[in-house]
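> Let me give you the structure first, and then I'll get to my questions.
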Amino acid sequence: MIKRRVLALMLLLLSKVALADSFVGQVSVIDGDTLEIHGTRIRLWGVDAPESAQLCAVRTAPSTVVV
């Protein structure tokens, strides 16, 4: 039990504190995970989206599964 408390305390002390700023204005979408407000680019954390220059390929034949 003490080990868990020590581990939790260490993680709390070593973790970065997220600071949030307030942005007001028109938003432009740069990529699937990037926004821009007044020249400030904001990257959305945890969003996995294609980049603007990334091509998405389409399969020409369906895959077959042999059981």
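Residue numbers start at 1 in each chain; chains themselves are named A, B, ... in the order of the structure tokens; ligands are numbered from 1 in the order shown.
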Could you name the residues that touch Arg43 in chain A at 8 Å or less, counting only C-alpha atoms, but leaving out those on the same chain fewer than 4 positions away, as a PyMOL selection string?
chain A and resi 33-35
> Those same residues, written as a JSON list (two decimals), in the first residue's frame with N, CA and C atoms?

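Final file, selection16.json:
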```json
[["chain", "number", "residue", "atom", "x", "y", "z"],
["A", 33, "ASP", "N", -6.00, 17.50, -37.43],
["A", 33, "ASP", "CA", -5.72, 17.64, -36.01],
["A", 33, "ASP", "C", -5.03, 18.96, -35.66],
["A", 34, "THR", "N", -5.08, 19.95, -36.56],
["A", 34, "THR", "CA", -4.43, 21.24, -36.32],
["A", 34, "THR", "C", -5.40, 22.37, -36.63],
["A", 35, "LEU", "N", -5.53, 23.29, -35.68],
["A", 35, "LEU", "CA", -6.37, 24.47, -35.83],
["A", 35, "LEU", "C", -5.49, 25.71, -35.77]]
```
> Env of Val27 in chain A: 9 Å cut, atoms = only C-alpha atoms, seq-sep filter 6 positions within chain, self excluded. Answer as a PyMOL selection string.
chain A and resi 35-38
> For Gly39 in chain A, which of A:Lys3, A:Leu11, A:Gln26, A:Ala53 is the closest residue, counting only C-alpha atoms?
A:Gln26
> So which residues touch Pro50 in chain A within 9 Å, counting only C-alpha atoms, skipping near sequence neighbours fewer than 6 positions away, as a PDB file with C-alpha atoms, in the first residue's frame?

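Saved the output as out_37.pdb:
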```pdb
ATOM      1  CA  ASP A  31      -5.177  19.594 -40.959  1.00  0.00           C
ATOM      2  CA  GLY A  32      -7.423  17.028 -39.347  1.00  0.00           C
ATOM      3  CA  ASP A  33      -5.717  17.643 -36.006  1.00  0.00           C
ATOM      4  CA  CYS A  56      -5.349   7.695 -48.617  1.00  0.00           C
TER       5      CYS A  56
END
```
> What's the separation between CA of Trp45 in chain A and CA of Val29 in chain A, in Å to one decimal place?
14.9 Å
> Between CA of Met10 in chain A and CA of Val47 in chain A, what is the spacing in Å?
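For CA of Val47 in chain A relative to CA of Met10 in chain A, the distance reads 27.7 Å.
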> Which is closer to Ser52 in chain A than all the others in A:Ile30, A:Ser22, A:Met1, A:Leu12, using only C-alpha atoms?
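Result for the nearest residue to Ser52 in chain A: A:Ile30.
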